[in-house]
file target20.txt (compact mmCIF, C-alpha atoms)
# COMPACT_ATOMS: atom_id res chain seq x y z
CA MET A 1 -20.21 1.58 29.97
CA THR A 2 -20.81 1.88 26.31
CA LEU A 3 -18.62 4.02 24.20
CA THR A 4 -20.30 5.56 21.22
CA LEU A 5 -18.30 6.84 18.34
CA GLN A 6 -19.80 9.78 16.58
CA THR A 7 -19.71 9.00 12.90
CA THR A 8 -20.58 11.41 10.19
CA ARG A 9 -22.11 10.83 6.79
CA ASP A 10 -18.66 11.36 5.31
CA ASP A 11 -17.27 8.53 7.44
CA HIS A 12 -19.95 6.18 6.20
CA ARG A 13 -19.39 7.17 2.63
CA ILE A 14 -15.62 6.69 2.90
CA ALA A 15 -16.15 3.32 4.54
CA ALA A 16 -18.49 2.20 1.77
CA LEU A 17 -16.21 3.42 -1.01
CA ALA A 18 -13.16 1.90 0.66
CA ALA A 19 -15.03 -1.39 0.94
CA LEU A 20 -15.71 -1.25 -2.79
CA ALA A 21 -12.04 -0.56 -3.52
CA ILE A 22 -10.96 -3.38 -1.19
CA VAL A 23 -13.20 -5.89 -2.97
CA ILE A 24 -11.75 -4.93 -6.34
CA HIS A 25 -8.23 -5.00 -4.89
CA MET A 26 -8.77 -8.52 -3.54
CA ALA A 27 -10.40 -9.82 -6.69
CA GLU A 28 -7.42 -8.56 -8.65
CA SER A 29 -4.89 -10.15 -6.37
CA ALA A 30 -6.32 -13.52 -7.42
CA LEU A 31 -5.58 -12.82 -11.08
CA PRO A 32 -2.40 -14.40 -12.41
CA MET A 33 -0.05 -11.84 -13.97
CA PRO A 34 2.82 -12.47 -16.35
CA LEU A 35 5.21 -9.99 -14.73
CA PRO A 36 5.80 -9.23 -11.08
CA GLY A 37 4.62 -5.73 -10.27
CA VAL A 38 2.03 -5.61 -13.03
CA LYS A 39 -1.63 -5.49 -12.11
CA PRO A 40 -4.63 -3.82 -13.74
CA GLY A 41 -5.09 -1.58 -10.71
CA LEU A 42 -8.83 -1.26 -11.13
CA ALA A 43 -9.15 -0.15 -7.51
CA ASN A 44 -7.44 2.97 -8.84
CA VAL A 45 -10.73 3.73 -10.65
CA VAL A 46 -12.47 4.04 -7.28
CA THR A 47 -9.75 6.39 -5.99
CA VAL A 48 -10.07 8.56 -9.08
CA LEU A 49 -13.87 8.76 -8.89
CA VAL A 50 -13.72 9.60 -5.19
CA LEU A 51 -11.16 12.28 -5.96
CA VAL A 52 -13.40 13.83 -8.60
CA HIS A 53 -16.54 13.73 -6.47
CA TYR A 54 -15.41 14.16 -2.88
CA GLY A 55 -11.93 15.64 -3.08
CA TRP A 56 -8.40 14.61 -2.28
CA GLY A 57 -8.89 13.96 1.44
CA ALA A 58 -11.55 11.35 0.82
CA ALA A 59 -9.50 9.80 -1.98
CA ALA A 60 -6.49 9.51 0.33
CA TRP A 61 -8.62 7.79 2.98
CA VAL A 62 -10.05 5.35 0.47
CA ALA A 63 -6.67 4.54 -1.10
CA LEU A 64 -4.88 4.02 2.22
CA LEU A 65 -7.72 2.05 3.78
CA ARG A 66 -7.66 -0.17 0.72
CA VAL A 67 -3.93 -0.81 1.09
CA PHE A 68 -4.11 -1.56 4.81
CA VAL A 69 -7.37 -3.51 4.97
CA GLY A 70 -6.76 -5.25 1.64
CA SER A 71 -3.36 -6.51 2.80
CA LEU A 72 -4.80 -7.67 6.13
CA LEU A 73 -7.48 -9.66 4.34
CA ILE A 74 -5.14 -11.15 1.73
CA GLY A 75 -2.49 -11.86 4.35
CA THR A 76 0.30 -9.71 2.95
CA PHE A 77 0.31 -7.09 5.70
CA LEU A 78 3.88 -5.81 6.31
CA SER A 79 5.24 -8.10 3.59
CA PRO A 80 7.17 -6.74 0.58
CA THR A 81 3.93 -6.76 -1.43
CA PHE A 82 2.36 -4.50 1.16
CA VAL A 83 5.32 -2.13 1.24
CA LEU A 84 5.27 -1.81 -2.55
CA SER A 85 1.53 -1.30 -2.51
CA LEU A 86 1.81 1.38 0.16
CA THR A 87 4.64 3.32 -1.49
CA GLY A 88 2.77 3.12 -4.79
CA ALA A 89 -0.40 4.46 -3.20
CA LEU A 90 1.48 7.27 -1.43
CA ALA A 91 3.25 8.25 -4.65
CA SER A 92 0.02 8.34 -6.62
CA LEU A 93 -1.72 10.36 -3.90
CA LEU A 94 1.14 12.85 -3.94
CA VAL A 95 0.93 13.21 -7.71
CA LEU A 96 -2.87 13.54 -7.59
CA ARG A 97 -2.48 16.30 -5.01
CA LEU A 98 -0.15 18.14 -7.38
CA ALA A 99 -2.47 17.47 -10.32
CA LEU A 100 -5.26 19.26 -8.46
CA LEU A 101 -3.19 22.43 -8.58
CA VAL A 102 -3.44 22.60 -12.37
CA PRO A 103 -5.40 25.76 -13.20
CA GLY A 104 -8.37 26.01 -15.53
CA ARG A 105 -10.62 23.00 -15.94
CA GLY A 106 -7.75 20.85 -14.77
CA PHE A 107 -7.73 17.10 -15.21
CA GLY A 108 -10.65 14.76 -15.67
CA PRO A 109 -10.88 11.09 -14.67
CA LEU A 110 -8.70 9.98 -17.59
CA GLY A 111 -5.81 12.28 -16.71
CA TYR A 112 -6.01 11.46 -13.01
CA SER A 113 -6.09 7.75 -13.74
CA VAL A 114 -3.04 7.88 -16.02
CA LEU A 115 -1.07 10.08 -13.62
CA ALA A 116 -1.97 7.92 -10.65
CA ALA A 117 -1.05 4.70 -12.45
CA LEU A 118 2.33 6.05 -13.58
CA ALA A 119 3.11 7.53 -10.17
CA HIS A 120 2.10 4.28 -8.50
CA MET A 121 4.53 2.37 -10.70
CA VAL A 122 7.39 4.83 -10.15
CA GLY A 123 6.81 4.73 -6.39
CA GLN A 124 6.66 0.98 -6.10
CA PHE A 125 9.57 0.51 -8.47
CA CYS A 126 11.81 2.84 -6.49
CA ALA A 127 10.80 1.08 -3.28
CA ALA A 128 11.56 -2.30 -4.87
CA TYR A 129 14.96 -1.05 -5.98
CA VAL A 130 15.93 0.67 -2.75
CA LEU A 131 14.54 -1.87 -0.29
CA PHE A 132 14.49 -5.27 -1.94
CA ILE A 133 16.52 -5.64 -5.14
CA PRO A 134 19.24 -2.96 -5.30
CA HIS A 135 20.66 -4.33 -8.53
CA PRO A 136 21.17 -2.12 -11.59
CA ALA A 137 19.72 -4.80 -13.87
CA LEU A 138 16.33 -4.20 -12.26
CA TRP A 139 16.08 -0.98 -14.24
CA HIS A 140 15.73 -3.01 -17.42
CA LEU A 141 12.24 -3.84 -16.24
CA PHE A 142 11.35 -0.21 -15.72
CA PRO A 143 10.26 0.71 -19.30
CA VAL A 144 8.19 -2.46 -19.56
CA LEU A 145 6.45 -1.84 -16.26
CA MET A 146 5.82 1.80 -17.16
CA SER A 147 4.26 0.72 -20.47
CA ALA A 148 1.96 -1.62 -18.59
CA ALA A 149 1.14 1.15 -16.12
CA LEU A 150 0.25 3.52 -18.94
CA VAL A 151 -1.99 0.97 -20.66
CA PHE A 152 -3.79 0.13 -17.44
CA GLY A 153 -3.96 3.81 -16.51
CA ILE A 154 -5.74 4.58 -19.78
CA VAL A 155 -8.06 1.58 -19.43
CA GLY A 156 -8.84 2.61 -15.85
CA GLY A 157 -9.45 6.17 -17.02
CA ILE A 158 -11.93 5.01 -19.67
CA ILE A 159 -13.75 2.93 -17.07
CA ALA A 160 -13.80 5.93 -14.72
CA LEU A 161 -15.20 8.16 -17.49
CA ALA A 162 -17.94 5.64 -18.25
CA ALA A 163 -18.75 5.25 -14.55
CA GLN A 164 -18.90 8.99 -14.11
CA LYS A 165 -21.35 9.30 -16.99
CA GLN A 166 -23.61 6.76 -15.30
CA LEU A 167 -23.30 8.58 -11.96
CA HIS A 168 -24.36 11.84 -13.60
CA GLN A 169 -27.42 10.26 -15.22
CA GLU A 170 -28.75 9.02 -11.92
CA MET B 171 -12.02 14.74 -21.33
CA THR B 172 -10.22 18.00 -20.66
CA ARG B 173 -7.25 19.49 -22.43
CA ALA B 174 -5.04 18.61 -19.47
CA ASP B 175 -6.09 14.95 -19.86
CA VAL B 176 -5.02 14.93 -23.47
CA ILE B 177 -1.69 16.56 -22.62
CA ALA B 178 -1.06 14.07 -19.83
CA VAL B 179 -1.76 11.05 -22.03
CA VAL B 180 0.26 12.40 -24.97
CA LEU B 181 3.24 13.22 -22.72
CA ALA B 182 3.07 9.78 -21.15
CA VAL B 183 3.01 8.10 -24.58
CA VAL B 184 5.92 10.25 -25.78
CA MET B 185 7.89 9.45 -22.63
CA LEU B 186 7.84 5.69 -23.20
CA PRO B 187 10.23 5.51 -26.17
CA PHE B 188 12.68 7.66 -24.20
CA LEU B 189 12.46 5.23 -21.31
CA TYR B 190 13.22 2.30 -23.61
CA VAL B 191 16.15 4.11 -25.20
CA SER B 192 17.65 5.27 -21.93
CA PHE B 193 17.25 1.98 -20.05
CA TRP B 194 17.79 -0.52 -22.85
CA GLY B 195 19.89 1.11 -25.53
CA ASN B 196 23.48 2.11 -25.87
CA GLU B 197 25.04 0.25 -23.01
CA GLY B 198 25.65 -3.14 -24.57
CA VAL B 199 28.03 -1.75 -27.20
CA ALA B 200 30.92 -4.07 -26.56
CA ASP B 201 34.13 -3.10 -28.26
CA THR B 202 37.07 -4.19 -26.14
CA ILE B 203 38.14 -7.01 -23.89
CA ARG B 204 40.24 -6.70 -20.80
CA VAL B 205 42.34 -9.64 -19.74
CA HIS B 206 43.70 -9.80 -16.21
CA SER B 207 46.43 -12.26 -15.39
CA VAL B 208 49.55 -12.50 -13.28
CA GLU B 209 51.32 -10.76 -16.15
CA GLY B 210 49.14 -7.72 -15.71
CA ILE B 211 46.19 -6.24 -17.55
CA ILE B 212 45.92 -6.16 -21.31
CA THR B 213 43.21 -4.46 -23.30
CA LEU B 214 42.40 -5.59 -26.82
CA PRO B 215 39.83 -4.67 -29.43
CA LEU B 216 37.03 -7.17 -29.83
CA THR B 217 37.00 -6.92 -33.59
CA ALA B 218 40.15 -8.74 -34.68
CA HIS B 219 40.25 -12.50 -34.89
CA ARG B 220 43.04 -13.92 -32.79
CA ARG B 221 44.16 -16.50 -30.30
CA LEU B 222 45.87 -15.46 -27.12
CA HIS B 223 48.06 -17.51 -24.82
CA VAL B 224 47.93 -15.99 -21.35
CA GLN B 225 50.46 -17.30 -18.87
CA GLY B 226 49.35 -18.12 -15.35
CA PRO B 227 50.80 -20.11 -12.44
CA LEU B 228 49.52 -23.39 -13.90
CA GLY B 229 50.44 -22.75 -17.50
CA ALA B 230 48.90 -21.04 -20.49
CA SER B 231 45.19 -20.31 -20.81
CA VAL B 232 44.08 -20.04 -24.40
CA LEU B 233 41.61 -17.33 -25.32
CA GLU B 234 39.96 -16.95 -28.68
CA VAL B 235 38.58 -13.66 -30.00
CA SER B 236 36.30 -13.96 -32.99
CA GLU B 237 33.44 -11.98 -34.54
CA GLY B 238 33.02 -9.65 -31.58
CA ARG B 239 33.08 -12.49 -29.07
CA VAL B 240 35.65 -13.99 -26.76
CA ARG B 241 35.95 -17.33 -24.99
CA PHE B 242 38.32 -19.58 -23.11
CA VAL B 243 39.35 -22.37 -25.48
CA ALA B 244 41.47 -24.21 -22.97
CA SER B 245 42.92 -23.69 -19.55
CA PRO B 246 45.16 -25.86 -17.40
CA CYS B 247 42.67 -26.01 -14.53
CA ARG B 248 40.64 -28.89 -13.13
CA GLY B 249 37.14 -27.42 -13.14
CA GLN B 250 37.17 -25.98 -16.66
CA GLN B 251 34.45 -23.56 -15.61
CA CYS B 252 36.09 -20.84 -17.65
CA VAL B 253 35.79 -22.96 -20.79
CA HIS B 254 32.20 -23.82 -19.96
CA SER B 255 31.34 -20.12 -19.66
CA GLY B 256 31.31 -20.17 -23.46
CA TRP B 257 31.28 -17.14 -25.68
CA LEU B 258 31.08 -13.67 -24.13
CA SER B 259 29.75 -10.92 -26.31
CA ARG B 260 27.94 -8.29 -24.23
CA ALA B 261 29.57 -5.46 -22.32
CA GLY B 262 29.81 -6.55 -18.71
CA ASP B 263 30.20 -10.27 -19.46
CA VAL B 264 33.01 -11.87 -17.48
CA ALA B 265 34.66 -15.28 -17.47
CA ALA B 266 37.39 -16.32 -15.09
CA CYS B 267 39.82 -19.12 -14.55
CA LEU B 268 40.55 -18.62 -10.88
CA PRO B 269 43.11 -21.45 -10.48
CA ASN B 270 45.19 -19.93 -13.24
CA GLY B 271 44.52 -16.36 -12.20
CA VAL B 272 43.11 -15.30 -15.58
CA THR B 273 39.93 -13.32 -16.11
CA VAL B 274 38.52 -11.86 -19.27
CA ALA B 275 35.88 -9.14 -19.31
CA VAL B 276 34.04 -7.62 -22.23
CA THR B 277 33.84 -3.88 -21.83
CA GLY B 278 32.02 -1.14 -23.65
CA ARG B 279 32.56 2.57 -23.63
CA GLN B 280 30.29 2.77 -20.62
CA PRO B 281 30.72 -0.38 -18.55
CA ARG B 282 27.48 -1.41 -16.94
CA TYR B 283 28.98 -2.61 -13.72
CA ASP B 284 32.14 -2.03 -11.76
CA ALA B 285 31.68 -5.37 -10.10
CA ILE B 286 29.11 -8.08 -9.62
CA ASN B 287 28.88 -10.45 -6.72
CA PHE B 288 26.60 -13.40 -6.25
call {"tool": "encode", "arguments": {"input": "target20.txt", "output": "structure tokens"}}
result
Amino acid sequence: MTLTLQTTRDDHRIAALAALAIVIHMAESALPMPLPGVKPGLANVVTVLVLVHYGWGAAAWVALLRVFVGSLLIGTFLSPTFVLSLTGALASLLVLRLALLVPGRGFGPLGYSVLAALAHMVGQFCAAYVLFIPHPALWHLFPVLMSAALVFGIVGGIIALAAQKQLHQE
Amino acid sequence: MTRADVIAVVLAVVMLPFLYVSFWGNEGVADTIRVHSVEGIITLPLTAHRRLHVQGPLGASVLEVSEGRVRFVASPCRGQQCVHSGWLSRAGDVAACLPNGVTVAVTGRQPRYDAINF
């Protein structure tokens, strides 16, 4: 007996976009970083573009698939890295959901990228503090990590803006 | 770029200095030392230059306070770990001579920790 899964065009699109995000996620995990917890987060660009084009639901799928599949491929599934990645992704999705409620023209890719990057850092930092290193001295790292998150959020936002321009031309 | 984008980025940039101030500033202001020994607890300002002889079960531990810092100069213990702790200057720093029952802690107006264990 063959079991056929009915897939929709949306499913295929989410799968393709998630695959793109996973590749970026994995490529980044190979980059050496000076501080633990700091990472360019370029996969965030994919999440933001998906959010702008296909809505929050699709963005949530892409972000969470990236975290789960990315960690399975890298070999960090259920490790502290994975937990931090997951809480970061959940926090940024929550903030993006709230950001969508802003009336008027709302946010563009830049704003979403910055908000997502900051929320990701807050989420993963709180998880690190609560679950792994409940030591007050950890908070000394917080401003540094937030600065890095802001810089990478802006860089990601600029990339997302440029990518969006290209998408519109085609 | 929308107006909301600009506001988000500006707010985020403005927030950073506040983060640095609230997480880095203002807590390391060390102004007193607290010495525990079998004789009890004494609190002293960190500003004056002085030498202290604190009596313990083994004899007198000698503490030196100088230029906002404090250290064990000598102690009648075998390990001399208290002496090797060197100068303490930041609020929250602690040195102890356990055999002689003497500890010295640098405290600020807002101590960073109640206790630390390793």
call {"tool": "interface_residues", "arguments": {"input": "target20.txt", "of": "chain A", "to": "chain B", "cutoff": "7 Å", "atoms": "all atoms listed in the file", "output": "short mmCIF file (atom, residue, chain, number, x, y, z; two decimals) with C-alpha atoms, in the frame of the given file"}}
result
data_model
loop_
_atom_site.label_atom_id
_atom_site.label_comp_id
_atom_site.auth_asym_id
_atom_site.auth_seq_id
_atom_site.Cartn_x
_atom_site.Cartn_y
_atom_site.Cartn_z
CA ARG A 105 -10.62 23.00 -15.94
CA GLY A 106 -7.75 20.85 -14.77
CA PHE A 107 -7.73 17.10 -15.21
CA GLY A 108 -10.65 14.76 -15.67
CA LEU A 110 -8.70 9.98 -17.59
CA GLY A 111 -5.81 12.28 -16.71
CA VAL A 114 -3.04 7.88 -16.02
CA TRP A 139 16.08 -0.98 -14.24
CA HIS A 140 15.73 -3.01 -17.42
CA PRO A 143 10.26 0.71 -19.30
CA SER A 147 4.26 0.72 -20.47
#
call {"tool": "residues_around", "arguments": {"input": "target20.txt", "residues": "Asp263 (chain B)", "least_positions_apart": "3", "cutoff": "7 Å", "atoms": "all atoms listed in the file", "output": "list of chain:residue names"}}
result
B:Leu258, B:Ser259, B:Arg260, B:Ala275, B:Val276
call {"tool": "atom_distance", "arguments": {"input": "target20.txt", "atom1": "CA of Ala127 (chain A)", "atom2": "CA of Leu93 (chain A)"}}
result
15.6 Å
call {"tool": "closest_residue", "arguments": {"input": "target20.txt", "among": "B:Cys247, B:Cys252, B:Ala261, B:Leu181", "to": "Arg204 (chain B)", "atoms": "all atoms listed in the file"}}
result
B:Ala261
call {"tool": "atom_distance", "arguments": {"input": "target20.txt", "atom1": "CA of Thr277 (chain B)", "atom2": "CA of Gly210 (chain B)"}}
result
16.9 Å
call {"tool": "closest_residue", "arguments": {"input": "target20.txt", "among": "A:Ser113, A:Thr76, A:Thr7, A:Asn44", "to": "Ala89 (chain A)", "atoms": "only C-alpha atoms"}}
result
A:Asn44
call {"tool": "atom_distance", "arguments": {"input": "target20.txt", "atom1": "CA of Leu138 (chain A)", "atom2": "CA of Val95 (chain A)"}}
result
23.7 Å
call {"tool": "closest_residue", "arguments": {"input": "target20.txt", "among": "A:Leu51, A:Ala137, A:Ala162, A:Leu31", "to": "Gly262 (chain B)", "atoms": "all atoms listed in the file"}}
result
A:Ala137
call {"tool": "closest_residue", "arguments": {"input": "target20.txt", "among": "A:Trp56, A:Phe142, A:Ala21, A:Val69", "to": "Leu98 (chain A)", "atoms": "all atoms listed in the file"}}
result
A:Trp56
call {"tool": "closest_residue", "arguments": {"input": "target20.txt", "among": "A:Phe125, A:Phe77, A:Phe68, A:Tyr112", "to": "Val144 (chain A)", "atoms": "all atoms listed in the file"}}
result
A:Phe125
call {"tool": "closest_residue", "arguments": {"input": "target20.txt", "among": "B:Ser207, B:Gln251, B:Thr217, B:Asn287", "to": "Arg239 (chain B)", "atoms": "only C-alpha atoms"}}
result
B:Thr217
call {"tool": "residues_around", "arguments": {"input": "target20.txt", "residues": "Leu84 (chain A)", "least_positions_apart": "4", "cutoff": "9 Å", "atoms": "all atoms listed in the file", "output": "list in words"}}
result
Gly37, Ser79, Pro80, Gly88, Ala89, Gly123, Gln124, Phe125, Cys126, Ala127 and Ala128 of chain A
call {"tool": "residues_around", "arguments": {"input": "target20.txt", "residues": "region 232-235 of chain B", "least_positions_apart": "2", "cutoff": "8 Å", "atoms": "all atoms listed in the file", "output": "CSV table (one decimal) with C-alpha atoms, in the frame of the given file"}}
result
chain,number,residue,atom,x,y,z
B,216,LEU,CA,37.0,-7.2,-29.8
B,217,THR,CA,37.0,-6.9,-33.6
B,218,ALA,CA,40.2,-8.7,-34.7
B,219,HIS,CA,40.2,-12.5,-34.9
B,220,ARG,CA,43.0,-13.9,-32.8
B,221,ARG,CA,44.2,-16.5,-30.3
B,222,LEU,CA,45.9,-15.5,-27.1
B,223,HIS,CA,48.1,-17.5,-24.8
B,224,VAL,CA,47.9,-16.0,-21.4
B,230,ALA,CA,48.9,-21.0,-20.5
B,237,GLU,CA,33.4,-12.0,-34.5
B,238,GLY,CA,33.0,-9.6,-31.6
B,239,ARG,CA,33.1,-12.5,-29.1
B,240,VAL,CA,35.6,-14.0,-26.8
B,241,ARG,CA,36.0,-17.3,-25.0
B,242,PHE,CA,38.3,-19.6,-23.1
B,243,VAL,CA,39.4,-22.4,-25.5
B,244,ALA,CA,41.5,-24.2,-23.0
B,245,SER,CA,42.9,-23.7,-19.6
